[in-house]
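Structure data (compact mmCIF, C-alpha atoms) from start-v4.txt:
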```txt
# COMPACT_ATOMS: atom_id res chain seq x y z
CA MET V 190 38.45 30.38 163.68
CA ALA V 191 39.20 32.95 161.07
CA GLY V 192 36.98 33.09 158.02
CA THR V 193 36.60 35.06 154.88
CA SER V 194 34.32 38.05 154.59
CA THR V 195 32.05 36.08 152.31
CA ASP V 196 31.41 33.02 154.44
CA GLN V 197 30.11 34.69 157.57
CA LEU V 198 26.57 33.41 157.09
CA ALA V 199 27.71 29.84 156.64
CA ARG V 200 29.96 30.06 159.68
CA ALA V 201 27.20 31.64 161.72
CA ALA V 202 24.85 28.86 160.65
CA ARG V 203 27.42 26.37 161.90
CA GLY V 204 27.42 28.03 165.26
CA ASP V 205 30.53 30.19 165.01
CA GLU V 206 29.95 32.85 167.63
CA ALA V 207 32.48 35.20 166.05
CA ALA V 208 30.64 34.91 162.76
CA VAL V 209 27.37 35.64 164.50
CA ARG V 210 28.85 38.85 165.84
CA GLU V 211 30.33 39.71 162.43
CA CYS V 212 26.97 39.16 160.75
CA LEU V 213 25.29 41.43 163.26
CA GLY V 214 27.75 44.20 162.51
CA ARG V 215 27.71 43.71 158.77
CA PHE V 216 24.03 43.09 158.14
CA GLY V 217 22.51 44.90 161.11
CA PRO V 218 21.99 48.24 159.32
CA LEU V 219 20.56 46.48 156.28
CA VAL V 220 18.08 44.42 158.29
CA TRP V 221 17.21 47.38 160.49
CA GLY V 222 16.66 49.59 157.47
CA LEU V 223 14.35 47.08 155.82
CA ALA V 224 12.48 46.48 159.06
CA ARG V 225 12.03 50.20 159.69
CA ARG V 226 10.72 50.68 156.19
CA LEU V 227 8.22 47.83 156.28
CA SER V 228 7.11 47.83 159.92
CA PRO V 229 4.31 49.98 161.29
CA THR V 230 6.18 51.02 164.42
CA ARG V 231 9.70 51.10 165.79
CA ALA V 232 8.78 48.45 168.36
CA ASP V 233 7.41 46.22 165.62
CA ALA V 234 10.61 46.73 163.63
CA GLU V 235 12.66 45.64 166.63
CA ASP V 236 10.61 42.46 166.99
CA ALA V 237 10.97 41.80 163.27
CA VAL V 238 14.75 42.22 163.39
CA GLN V 239 15.04 39.56 166.05
CA GLU V 240 12.95 37.14 164.00
CA ILE V 241 14.94 37.89 160.86
CA PHE V 242 18.25 37.13 162.49
CA LEU V 243 16.87 33.89 163.90
CA ASP V 244 15.91 33.00 160.32
CA LEU V 245 19.43 33.85 159.20
CA TRP V 246 21.03 31.64 161.80
CA ARG V 247 18.72 28.81 160.74
CA HIS V 248 19.02 29.21 156.99
CA GLY V 249 22.41 30.85 156.51
CA GLY V 250 23.86 27.48 155.53
CA ARG V 251 21.74 27.56 152.40
CA TYR V 252 23.51 30.61 151.05
CA ASP V 253 24.94 29.97 147.60
CA PRO V 254 27.62 32.53 146.66
CA SER V 255 27.28 31.61 143.00
CA ARG V 256 23.72 33.01 142.95
CA ALA V 257 23.84 36.24 144.88
CA SER V 258 25.78 38.36 147.31
CA GLU V 259 25.30 37.73 151.01
CA GLU V 260 23.58 41.11 151.28
CA ALA V 261 21.02 40.11 148.66
CA PHE V 262 20.48 36.76 150.39
CA VAL V 263 19.96 38.54 153.70
CA ALA V 264 17.56 40.97 152.06
CA VAL V 265 15.53 38.08 150.64
CA ILE V 266 15.28 36.41 154.06
CA ALA V 267 14.43 39.72 155.72
CA ARG V 268 11.77 40.68 153.20
CA ARG V 269 10.13 37.28 153.42
CA ARG V 270 9.87 37.58 157.19
CA LEU V 271 8.64 41.16 157.02
CA ILE V 272 6.02 40.32 154.42
CA ASP V 273 4.92 37.34 156.47
CA ARG V 274 4.61 39.52 159.57
CA ARG V 275 2.61 42.05 157.63
CA ARG V 276 0.23 39.41 156.35
CA ARG V 277 -0.25 38.14 159.87
CA ALA V 278 -0.80 41.55 161.35
CA ALA V 279 -4.25 43.01 161.32
CA ARG V 280 -2.96 46.50 160.91
CA ARG V 281 -1.08 48.03 158.05
CA PRO V 282 2.10 50.09 158.26
CA ARG V 283 1.79 53.82 158.03
CA LEU V 284 2.86 54.68 154.54
CA GLU V 285 3.85 57.71 152.58
CA PRO V 286 2.61 58.72 149.16
CA ILE V 287 4.28 57.66 146.00
CA GLU V 288 6.18 60.84 145.30
CA GLN V 289 8.11 60.43 148.52
CA ALA V 290 9.09 56.90 147.74
CA ALA V 291 10.53 58.08 144.48
CA GLN V 292 12.79 60.39 146.44
CA ALA V 293 13.61 57.98 149.22
CA VAL V 294 16.86 56.66 147.80
CA SER V 295 19.55 56.76 150.43
CA PRO V 296 21.78 59.80 150.35
CA ALA V 297 24.58 57.47 151.36
CA GLY V 298 24.28 55.74 147.99
CA SER V 299 23.16 52.37 149.19
CA ALA V 300 22.78 51.28 145.58
CA GLU V 301 26.53 50.93 145.59
CA LEU V 302 26.42 48.51 148.48
CA VAL V 303 26.23 45.43 146.32
CA ALA V 304 26.25 44.77 142.62
CA GLU V 305 22.65 43.60 142.66
CA ALA V 306 21.45 46.92 144.04
CA ALA V 307 23.33 48.86 141.39
CA LEU V 308 21.91 46.61 138.68
CA ALA V 309 18.42 46.99 140.07
CA ALA V 310 18.79 50.77 140.09
CA ARG V 311 19.99 50.59 136.51
CA ALA V 312 17.10 48.36 135.54
CA MET V 313 14.66 50.76 137.17
CA SER V 314 15.86 53.55 134.94
CA GLY V 315 14.90 51.40 131.98
CA LEU V 316 11.39 50.68 133.15
CA SER V 317 8.31 52.55 132.10
CA ALA V 318 7.10 55.20 134.51
CA PRO V 319 4.11 53.09 135.66
CA GLN V 320 6.38 50.10 136.27
CA ARG V 321 8.74 52.21 138.38
CA GLU V 322 5.81 53.70 140.24
CA VAL V 323 4.30 50.32 141.06
CA LEU V 324 7.58 48.76 142.12
CA ARG V 325 8.60 51.69 144.28
CA LEU V 326 5.24 51.73 146.02
CA SER V 327 5.46 48.00 146.55
CA VAL V 328 9.12 47.53 147.48
CA ALA V 329 10.00 50.84 149.09
CA GLN V 330 6.72 51.29 150.92
CA GLY V 331 5.27 47.84 151.18
CA LEU V 332 1.92 48.71 149.69
CA THR V 333 -0.17 45.78 148.54
CA HIS V 334 -1.27 45.58 144.94
CA GLU V 335 -4.79 46.52 145.96
CA GLU V 336 -3.53 49.56 147.84
CA ILE V 337 -1.43 50.59 144.86
CA ALA V 338 -4.47 50.25 142.63
CA SER V 339 -6.50 52.36 145.03
CA HIS V 340 -3.81 54.99 145.35
CA THR V 341 -2.89 55.32 141.69
CA GLY V 342 -6.24 54.63 140.11
CA MET V 343 -4.80 51.79 138.05
CA ALA V 344 -6.80 48.62 137.62
CA LEU V 345 -5.61 45.79 139.87
CA GLY V 346 -4.67 43.71 136.85
CA THR V 347 -2.60 46.56 135.49
CA VAL V 348 -0.79 46.92 138.80
CA LYS V 349 0.02 43.23 138.80
CA ALA V 350 1.21 43.36 135.21
CA HIS V 351 3.49 46.31 135.91
CA ALA V 352 4.90 44.61 138.99
CA ARG V 353 5.50 41.36 137.17
CA ARG V 354 7.09 42.88 134.10
CA GLY V 355 9.21 45.25 136.15
CA LEU V 356 10.52 42.44 138.29
CA ILE V 357 11.18 40.33 135.21
CA ARG V 358 13.26 43.16 133.78
CA ILE V 359 15.31 43.43 136.97
CA ARG V 360 15.60 39.66 137.25
CA ASN V 361 16.84 39.39 133.67
CA LEU V 362 19.48 42.02 134.25
CA LEU V 363 20.63 40.29 137.42
CA SER V 364 20.90 36.97 135.63
CA GLY V 365 22.67 38.48 132.64
CA GLU V 366 19.78 37.80 130.30
CA GLY V 367 19.20 41.45 129.43
CA THR V 368 20.76 44.84 129.64
CA GLY V 369 17.83 46.49 131.35
CA GLU V 370 18.27 49.37 128.97
CA GLU V 371 16.05 48.23 126.18
CA GLY V 372 13.10 50.42 125.37
CA THR V 373 10.40 50.69 127.93
CA GLU V 374 7.14 49.01 127.29
CA GLU V 375 3.78 50.23 128.33
CA ASP V 376 2.13 47.24 129.87
CA ALA V 377 -1.50 46.71 129.41
CA PRO V 378 -2.79 43.48 130.87
CA MET C 195 -7.61 33.73 131.20
CA SER C 196 -3.86 34.11 131.58
CA SER C 197 -1.43 31.53 130.27
CA PRO C 198 0.26 29.16 132.76
CA THR C 199 3.53 31.02 132.27
CA THR C 200 1.95 34.38 132.97
CA ARG C 201 0.08 32.97 135.94
CA LEU C 202 3.30 31.47 137.28
CA GLN C 203 5.05 34.81 136.94
CA ASP C 204 2.16 36.59 138.60
CA LEU C 205 2.37 34.23 141.55
CA LEU C 206 6.15 34.60 141.79
CA ALA C 207 5.81 38.39 141.67
CA ASP C 208 3.08 38.30 144.30
CA LEU C 209 5.21 36.03 146.47
CA ALA C 210 8.14 38.42 146.23
CA LEU C 211 6.12 41.57 146.85
CA GLU C 212 3.29 40.72 149.21
CA GLY C 213 3.27 37.01 149.96
CA LEU C 214 0.80 34.33 148.98
CA ALA C 215 -2.27 32.76 150.53
CA GLU C 216 -2.15 29.03 151.15
CA ALA C 217 -4.19 28.24 148.07
CA GLU C 218 -1.82 30.32 145.96
CA VAL C 219 1.17 28.52 147.43
CA ARG C 220 -0.36 25.21 146.35
CA GLU C 221 -1.07 26.63 142.91
CA LEU C 222 2.54 27.80 142.67
CA GLU C 223 3.69 24.30 143.53
CA ARG C 224 1.41 22.80 140.88
CA LEU C 225 2.88 25.17 138.31
CA GLY C 226 6.39 24.13 139.25
CA GLY C 227 7.51 27.44 140.71
CA ALA C 228 7.99 26.47 144.33
CA GLY C 229 11.77 26.64 144.19
CA ASP C 230 12.06 29.72 142.02
CA ASP C 231 13.40 32.63 144.07
CA SER C 232 14.51 34.78 141.13
CA PHE C 233 11.69 37.27 141.70
CA ASP C 234 12.59 37.41 145.39
CA LEU C 235 16.16 38.27 144.44
CA ALA C 236 14.98 40.95 142.03
CA ALA C 237 12.76 42.51 144.70
CA ALA C 238 15.55 42.26 147.27
CA ALA C 239 18.01 43.94 144.91
CA LEU C 240 15.55 46.76 144.34
CA ALA C 241 14.96 47.05 148.08
CA LEU C 242 18.72 47.37 148.59
CA ALA C 243 18.88 50.06 145.93
CA GLU C 244 16.13 52.02 147.68
CA LEU C 245 17.37 51.41 151.21
CA ASP C 246 18.62 54.01 153.64
CA LEU C 247 21.53 52.47 155.53
CA SER C 248 22.52 55.55 157.46
CA GLU C 249 20.71 54.55 160.64
CA PRO C 250 22.58 51.93 162.68
CA MET C 251 20.73 49.19 164.45
CA PRO C 252 20.16 50.25 168.08
CA GLU C 253 22.81 48.81 170.38
CA ALA C 254 20.29 47.38 172.83
CA LEU C 255 18.54 45.61 169.97
CA ALA C 256 21.84 44.20 168.70
CA ALA C 257 22.51 42.86 172.18
CA ARG C 258 19.12 41.18 172.25
CA VAL C 259 19.68 39.67 168.82
CA LEU C 260 23.05 38.33 169.92
CA ALA C 261 21.58 36.87 173.07
CA GLY C 262 18.79 35.31 171.05
CA ALA C 263 21.31 33.78 168.67
CA LEU C 264 23.26 32.16 171.44
CA VAL C 265 20.14 30.91 173.16
CA GLY C 266 19.00 29.53 169.83
CA LEU C 267 22.27 27.75 169.38
CA ALA C 268 22.00 26.22 172.81
CA ARG C 269 18.46 25.01 172.15
CA ARG C 270 19.68 23.11 169.13
CA GLU C 271 22.14 21.21 171.20
CA GLY C 272 22.27 17.44 171.08
CA PRO C 273 22.73 14.79 173.78
CA ALA C 274 26.44 15.52 173.94
CA ALA C 275 25.59 18.94 175.20
CA ALA C 276 23.53 17.60 178.02
CA ARG C 277 26.38 15.34 179.01
CA ALA C 278 28.76 18.23 178.79
CA ARG C 279 26.44 20.37 180.85
CA ARG C 280 26.29 17.75 183.55
CA ARG C 281 30.06 17.52 183.44
CA TRP C 282 30.14 21.20 184.18
CA GLY C 283 27.63 20.77 186.95
CA LEU C 284 24.72 22.50 185.28
CA GLY C 285 21.39 20.73 185.54
CA ALA C 286 18.88 20.76 182.77
CA SER C 287 16.57 23.00 184.67
CA VAL C 288 19.18 25.57 185.53
CA GLY C 289 18.38 28.96 184.13
CA TRP C 290 21.60 29.34 182.27
CA ILE C 291 20.83 32.69 180.84
CA THR C 292 20.84 35.37 183.48
CA ALA C 293 20.96 39.08 183.28
CA VAL C 294 24.39 40.52 182.62
CA ALA C 295 27.22 38.23 181.73
CA ALA C 296 25.64 34.83 181.98
CA SER C 297 27.73 31.82 181.03
CA LEU C 298 26.45 29.21 178.65
CA LEU C 299 27.85 25.80 177.97
CA ALA C 300 26.49 24.75 174.67
CA VAL C 301 27.02 22.09 172.10
CA LEU C 302 25.95 23.55 168.83
CA ALA C 303 24.11 21.25 166.51
CA TRP C 304 22.24 22.57 163.54
CA THR C 305 19.70 20.82 161.47
CA ARG C 306 22.05 20.84 158.55
CA PRO C 307 25.06 18.48 158.60
CA ALA C 308 27.73 20.33 160.44
CA PRO C 309 30.51 19.53 162.86
CA VAL C 310 29.46 19.49 166.48
CA VAL C 311 31.18 22.25 168.36
CA GLU C 312 31.54 22.23 172.09
CA LYS C 313 32.25 25.58 173.53
CA LEU C 314 31.83 27.86 176.47
CA VAL C 315 30.28 31.11 175.43
CA THR C 316 29.58 34.23 177.35
CA VAL C 317 26.70 36.44 176.53
CA GLU C 318 25.95 39.86 177.87
CA VAL C 319 22.24 40.31 178.17
CA PRO C 320 20.83 43.71 179.10
CA ALA C 321 19.09 43.64 182.42
CA PRO C 322 15.40 43.08 181.78
CA ARG C 323 13.25 46.11 182.26
CA PRO C 324 10.48 45.63 184.78
CA ARG C 325 8.11 47.32 182.31
CA PRO C 326 8.42 49.29 179.12
CA PRO C 327 8.87 53.00 179.67
CA THR C 328 5.83 55.18 179.34
CA PRO C 329 5.88 57.66 176.45
CA ALA C 330 6.59 60.42 178.96
CA GLU C 331 9.55 58.48 180.34
CA ALA C 332 10.82 57.67 176.87
CA ARG C 333 10.54 61.33 175.94
CA ALA C 334 12.55 62.33 179.00
CA GLU C 335 15.13 59.67 178.17
CA LEU C 336 15.43 60.94 174.63
CA LEU C 337 15.93 64.49 175.84
CA ALA C 338 18.55 63.35 178.32
CA GLN C 339 20.51 61.07 176.02
CA ALA C 340 20.20 62.35 172.47
CA ALA C 341 22.51 65.31 172.01
CA ASP C 342 20.64 66.47 168.96
CA ALA C 343 17.16 66.21 170.49
CA ARG C 344 15.37 69.49 169.92
CA THR C 345 12.15 70.80 171.39
CA ILE C 346 9.74 72.82 169.27
CA GLY C 347 6.61 74.40 170.71
CA TRP C 348 3.20 73.78 169.22
CA ALA C 349 1.20 76.67 167.77
CA ALA C 350 -2.57 76.20 167.85
CA THR C 351 -4.55 77.09 164.75
CA PRO C 352 -7.98 78.76 164.81
CA ASP C 353 -9.62 75.33 164.52
CA ALA C 354 -12.13 74.88 167.33
CA ALA C 355 -10.50 71.65 168.46
CA ALA C 356 -7.25 73.50 169.08
CA ALA C 357 -8.60 76.28 171.25
CA GLY C 358 -6.14 76.68 174.11
CA ALA C 359 -4.00 73.77 172.98
CA SER C 360 -0.27 73.83 173.67
CA GLY C 361 2.71 71.54 174.13
CA ASP C 362 5.80 70.67 172.15
CA VAL C 363 7.50 68.25 169.83
CA VAL C 364 10.79 66.56 170.69
CA TRP C 365 12.70 65.15 167.75
CA SER C 366 16.14 63.56 167.37
CA GLU C 367 17.40 63.29 163.82
CA SER C 368 20.19 60.89 164.72
CA ARG C 369 17.79 58.51 166.43
CA GLN C 370 14.87 59.23 164.11
CA GLN C 371 12.78 59.25 167.22
CA GLY C 372 10.43 61.81 168.67
CA PHE C 373 7.45 62.55 170.84
CA MET C 374 4.54 64.96 170.85
CA ARG C 375 3.39 66.47 174.14
CA ILE C 376 -0.04 67.94 173.80
CA ARG C 377 -2.23 69.74 176.30
CA GLY C 378 -5.70 71.09 175.78
CA LEU C 379 -6.45 69.60 172.38
CA ALA C 380 -10.06 68.46 172.11
CA ALA C 381 -10.59 64.77 172.77
CA ASP C 382 -11.37 62.84 169.60
CA ASP C 383 -13.86 60.07 169.04
CA PRO C 384 -11.82 57.34 167.29
CA ALA C 385 -14.99 56.04 165.66
CA ARG C 386 -15.50 59.36 163.91
CA SER C 387 -12.09 60.93 163.48
CA GLN C 388 -8.48 60.74 164.63
CA TYR C 389 -5.52 63.04 164.78
CA GLN C 390 -2.63 62.44 162.37
CA LEU C 391 0.87 63.87 162.44
CA TRP C 392 2.70 65.01 159.32
CA ILE C 393 6.38 65.89 159.09
CA PHE C 394 7.49 68.24 156.35
CA ASP C 395 11.01 67.26 155.30
CA GLY C 396 13.22 69.88 153.70
CA LYS C 397 14.74 67.25 151.45
CA ARG C 398 11.45 65.93 150.18
CA ASP C 399 8.54 67.25 148.20
CA GLN C 400 6.64 69.62 150.47
CA ALA C 401 3.42 68.56 148.82
CA HIS C 402 3.82 65.14 150.38
CA PRO C 403 4.90 65.29 154.01
CA VAL C 404 5.99 62.18 155.87
CA ASP C 405 3.20 60.42 157.72
CA GLY C 406 4.05 60.53 161.43
CA GLY C 407 1.25 58.32 162.65
CA VAL C 408 -2.34 58.42 163.82
CA PHE C 409 -3.20 59.05 167.45
CA ASP C 410 -6.01 59.85 169.84
CA VAL C 411 -6.27 62.52 172.49
CA GLN C 412 -8.22 62.19 175.70
CA ALA C 413 -8.55 64.73 178.43
CA GLY C 414 -5.49 66.38 179.93
CA GLU C 415 -1.90 66.09 178.73
CA VAL C 416 -0.83 63.31 176.42
CA VAL C 417 2.62 62.25 175.23
CA VAL C 418 2.50 60.47 171.90
CA PRO C 419 5.44 58.68 170.23
CA ILE C 420 6.09 59.72 166.65
CA HIS C 421 6.07 56.86 164.16
CA ALA C 422 7.64 58.27 161.01
CA ALA C 423 7.09 55.80 158.21
CA ILE C 424 10.41 56.62 156.60
CA ARG C 425 13.56 58.46 157.49
CA VAL C 426 13.16 62.18 158.03
CA PHE C 427 16.24 63.94 156.72
CA GLU C 428 15.56 67.59 157.50
CA PRO C 429 12.38 68.26 159.48
CA LYS C 430 10.99 71.71 158.83
CA LEU C 431 7.46 71.55 160.14
CA PHE C 432 5.34 69.21 162.23
CA ALA C 433 1.61 69.49 161.68
CA VAL C 434 -1.37 67.69 163.20
CA THR C 435 -4.51 67.26 161.15
CA VAL C 436 -7.92 65.78 161.83
CA GLU C 437 -8.57 62.80 159.59
CA LYS C 438 -10.95 59.90 159.22
CA PRO C 439 -10.45 56.89 161.55
CA GLY C 440 -7.23 55.09 160.68
CA GLY C 441 -5.74 58.12 158.99
CA VAL C 442 -5.11 58.84 155.34
CA VAL C 443 -2.26 58.38 152.89
CA VAL C 444 -2.61 61.90 151.54
CA SER C 445 -4.21 64.57 153.69
CA LYS C 446 -6.54 67.14 152.21
CA ARG C 447 -5.41 69.38 155.09
CA GLU C 448 -8.96 70.53 155.66
CA ARG C 449 -8.48 70.68 159.43
CA ILE C 450 -5.01 71.53 160.69
CA VAL C 451 -5.02 71.93 164.45
CA LEU C 452 -1.39 72.21 165.53
CA THR C 453 1.87 73.22 163.87
CA ALA C 454 5.45 73.31 165.10
CA ALA C 455 7.91 75.00 162.76
CA ILE C 456 11.69 74.69 163.00
```
Just give me the structure as structure tokens.
Amino acid sequence: MAGTSTDQLARAARGDEAAVRECLGRFGPLVWGLARRLSPTRADAEDAVQEIFLDLWRHGGRYDPSRASEEAFVAVIARRRLIDRRRRAARRPRLEPIEQAAQAVSPAGSAELVAEAALAARAMSGLSAPQREVLRLSVAQGLTHEEIASHTGMALGTVKAHARRGLIRIRNLLSGEGTGEEGTEEDAP
Amino acid sequence: MSSPTTRLQDLLADLALEGLAEAEVRELERLGGAGDDSFDLAAAALALAELDLSEPMPEALAARVLAGALVGLARREGPAAARARRRWGLGASVGWITAVAASLLAVLAWTRPAPVVEKLVTVEVPAPRPRPPTPAEARAELLAQAADARTIGWAATPDAAAAGASGDVVWSESRQQGFMRIRGLAADDPARSQYQLWIFDGKRDQAHPVDGGVFDVQAGEVVVPIHAAIRVFEPKLFAVTVEKPGGVVVSKRERIVLTAAI
């Protein structure tokens, strides 16, 4: 059964084998990239990818195209699984220092992949330096708030405040509630 | 004491960035934020913006994911499937997934309301490996199959632990995979210190090399897989340092024992 390029998840969730294959081809690099970034080893990333796709087959029917792109939906599912795996694991992924994360944007311009990514990149440019630092350490490297506090010397409450306010700024831009270009604010909890 | 709104936002941000403990999940529910995934979407959008998509998912992994999907579909089958299976002469206990081109008769029934689909699907499952390859075997496989795999010899530093040490690094940029082969490096006591690999990337700040993983060395020759935390674009130098147990985020580079320059 032929389908549109935007209903692959729903068709896969209904058991459409062709859609399953299409989803693998379309979202495989995205899921693999997230898993590689947030898993301690390549083998762990491979295990995570299999779990993530099982989640997608189970929950793909919940995708609401009015709320987000399929890529963003997949990224949400993937990140939830990866974070859950990390919480369950006794060990922590090997991580790089903050300066590297700041330079880790894909040379292929992945921000252009979906509108949400471009908006998030735009919102990041409007954040204060500490907010960007905290969010990059958290999202790009998967550091916990405590680890960020330890690494940067910020108080834990300050880290949480930066994370929260940075995410709010990105969320507002995604929802059309703000431009993301308003003046940066230095957040003190 | 933070306001309920601030506390709710803190919990939503924590949920999106590092997950919540059970007690926090219950608190989130009490505050009415259980169904709010707006912070998740914001974090996911940022993750997409920061993501490197240049590395494809390994083909063998894609095959396993596909096989898993089709097995998952079959497990969700309803009674009609069982009837259909019997019609096709397949008993319930038949192992209907076999290595290489197994045939599945499945009725697909998901938990969500959806039309029942009866279909015959074919899945190609890679032959199961009797055991995972050893690092030495994986290294040999990488050298044999990755056209861009390069071998760089180690140079021992004057550090006492490196006296007489030798070996090489194999690295494939396309696969982002590599191995260290080390001979003669002093055995470490993991309770006191461990070796850690660093990869200096020409496209990144040289002050902050990529962490390649922590490892131990016992007597004789060891082959150690490289676990680069992030993509290495242009490796220039591999260096092994001695660090505290578990490794460090930023090395003081007080004890460098091996280097391999490209």
> Within 7 Å of Gly396 in chain C, counting all atoms listed in the file, which residues qualify if same-chain residues fewer than 4 places away don't, as a list in words?
Replying inline: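 Final neighbour list, sorted by chain and number: Glu428, Pro429 and Lys430 of chain C.
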Skipping near chain neighbours, those fewer than 5 positions away, what residues fall within 9 Å of Ile357 in chain V using all atoms listed in the file, listed as an mmCIF file with C-alpha atoms, in the frame of the given file?
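Heads up, here's the output in around_25.cif:
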```
data_model
loop_
_atom_site.group_PDB
_atom_site.id
_atom_site.type_symbol
_atom_site.label_atom_id
_atom_site.label_comp_id
_atom_site.auth_asym_id
_atom_site.auth_seq_id
_atom_site.Cartn_x
_atom_site.Cartn_y
_atom_site.Cartn_z
ATOM 1 C CA ALA V 352 4.900 44.610 138.990
ATOM 2 C CA LEU V 362 19.480 42.020 134.250
ATOM 3 C CA GLN C 203 5.050 34.810 136.940
ATOM 4 C CA ALA C 207 5.810 38.390 141.670
ATOM 5 C CA SER C 232 14.510 34.780 141.130
ATOM 6 C CA PHE C 233 11.690 37.270 141.700
ATOM 7 C CA ALA C 236 14.980 40.950 142.030
#
```
>> So the first atom is CA of Tyr389 in chain C and the second is CA of Ala234 in chain V; what is the distance between them in Å, to one decimal place?
In response: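 Answer for the CA of Tyr389 in chain C to CA of Ala234 in chain V separation: 23.0 Å.
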>> Set the distance at 12 Å and use all atoms listed in the file: which residues neighbour Ala422 in chain C once local chain neighbours fewer than 4 positions away are removed? I'd like the list as a ChimeraX atom specification.
In response: /V:225-231,282-285 /C:365-367,369-373,390-395,403-408,426-427,429,432
> Out of C:Gly358, C:Gly229, C:Pro198, C:Gly213, which residue has the shortest atom-to-atom distance to chain V when counting only C-alpha atoms?
Replying inline: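 Closest to chain V of all the choices is C:Gly213.
Closest approach to chain C among V:Arg200, V:Arg311, V:Arg353, V:Arg358: V:Arg353, based on all atoms listed in the file.
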>> As an exercise, work out the distance from CA of Gly222 in chain V to CA of Met343 in chain V in Å and give it to one decimal place.
In response: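 Separating CA of Gly222 in chain V from CA of Met343 in chain V is a distance of 29.0 Å.
Distance check against Ala263 in chain C using only C-alpha atoms: of V:Trp221, V:Phe216, V:Tyr252, V:Phe242, the minimum falls on V:Phe242.
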> Do you have the CA of Ala380 in chain C-CA of Ala455 in chain C distance handy?
Replying inline: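 Straight-line distance from CA of Ala380 in chain C to CA of Ala455 in chain C works out to 21.3 Å.
Minimum atom-to-atom distance to Leu264 in chain C, evaluated using only C-alpha atoms, belongs to V:Ala208 out of V:Ala310, V:Ala338, V:Ala199, V:Ala208.
Of the residues listed (C:Ala433, C:Ile420, C:Ala354, C:Ala359), C:Ile420 shows the shortest atom-to-atom separation from chain V; distances use all atoms listed in the file.
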> V:Leu326, V:Ala307, V:Ala257, V:Ile241: which is nearest Glu212 in chain C, counting all atoms listed in the file?
Replying inline: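 Of all the options, V:Leu326 lies closest to Glu212 in chain C.
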Neighbouring residues of Ala202 in chain V were defined as those with any atom within 8 Å, considering only C-alpha atoms; residues of the same chain fewer than 5 positions away were excluded. Please report them as a JSON list (two decimals) with C-alpha atoms, in the frame of the given file.
```
[["chain", "number", "residue", "atom", "x", "y", "z"],
["V", 245, "LEU", "CA", 19.43, 33.85, 159.20],
["V", 246, "TRP", "CA", 21.03, 31.64, 161.80],
["V", 247, "ARG", "CA", 18.72, 28.81, 160.74],
["V", 248, "HIS", "CA", 19.02, 29.21, 156.99],
["V", 249, "GLY", "CA", 22.41, 30.85, 156.51],
["V", 250, "GLY", "CA", 23.86, 27.48, 155.53],
["C", 304, "TRP", "CA", 22.24, 22.57, 163.54]]
```
> Within 10 Å of (21.4, 39.5, 145.9), in the coordinates the file gives, what residues turn up when you count all atoms listed in the file, written out as a list in words?
Replying inline: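 Those within range, by chain then number, are Pro254, Arg256, Ala257, Ser258, Glu259, Glu260, Ala261, Phe262, Val263, Ala264, Val265, Val303, Ala304, Glu305, Ala306, Ala309 and Leu363 of chain V; Ser232, Asp234, Leu235, Ala236, Ala237, Ala238, Ala239, Leu240 and Leu242 of chain C.
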Take range 303-312 of chain V, model N, CA and C atoms, and hand the result over as a PDB file, in the coordinates of the input.
```
ATOM      1  N   VAL V 303      25.968  46.699 146.984  1.00  0.00           N
ATOM      2  CA  VAL V 303      26.230  45.430 146.320  1.00  0.00           C
ATOM      3  C   VAL V 303      25.892  45.585 144.841  1.00  0.00           C
ATOM      4  N   ALA V 304      26.453  44.685 144.067  1.00  0.00           N
ATOM      5  CA  ALA V 304      26.250  44.770 142.620  1.00  0.00           C
ATOM      6  C   ALA V 304      24.783  44.657 142.262  1.00  0.00           C
ATOM      7  N   GLU V 305      24.055  43.792 142.997  1.00  0.00           N
ATOM      8  CA  GLU V 305      22.650  43.600 142.660  1.00  0.00           C
ATOM      9  C   GLU V 305      21.861  44.901 142.785  1.00  0.00           C
ATOM     10  N   ALA V 306      22.183  45.665 143.827  1.00  0.00           N
ATOM     11  CA  ALA V 306      21.450  46.920 144.040  1.00  0.00           C
ATOM     12  C   ALA V 306      21.730  47.891 142.906  1.00  0.00           C
ATOM     13  N   ALA V 307      22.988  47.954 142.483  1.00  0.00           N
ATOM     14  CA  ALA V 307      23.330  48.860 141.390  1.00  0.00           C
ATOM     15  C   ALA V 307      22.637  48.422 140.097  1.00  0.00           C
ATOM     16  N   LEU V 308      22.587  47.113 139.878  1.00  0.00           N
ATOM     17  CA  LEU V 308      21.910  46.610 138.680  1.00  0.00           C
ATOM     18  C   LEU V 308      20.413  46.891 138.739  1.00  0.00           C
ATOM     19  N   ALA V 309      19.859  46.726 139.933  1.00  0.00           N
ATOM     20  CA  ALA V 309      18.420  46.990 140.070  1.00  0.00           C
ATOM     21  C   ALA V 309      18.128  48.466 139.810  1.00  0.00           C
ATOM     22  N   ALA V 310      18.988  49.332 140.329  1.00  0.00           N
ATOM     23  CA  ALA V 310      18.790  50.770 140.090  1.00  0.00           C
ATOM     24  C   ALA V 310      18.898  51.068 138.601  1.00  0.00           C
ATOM     25  N   ARG V 311      19.834  50.389 137.959  1.00  0.00           N
ATOM     26  CA  ARG V 311      19.990  50.590 136.510  1.00  0.00           C
ATOM     27  C   ARG V 311      18.769  50.075 135.763  1.00  0.00           C
ATOM     28  N   ALA V 312      18.287  48.916 136.194  1.00  0.00           N
ATOM     29  CA  ALA V 312      17.100  48.360 135.540  1.00  0.00           C
ATOM     30  C   ALA V 312      15.900  49.268 135.729  1.00  0.00           C
TER      31      ALA V 312
END
```
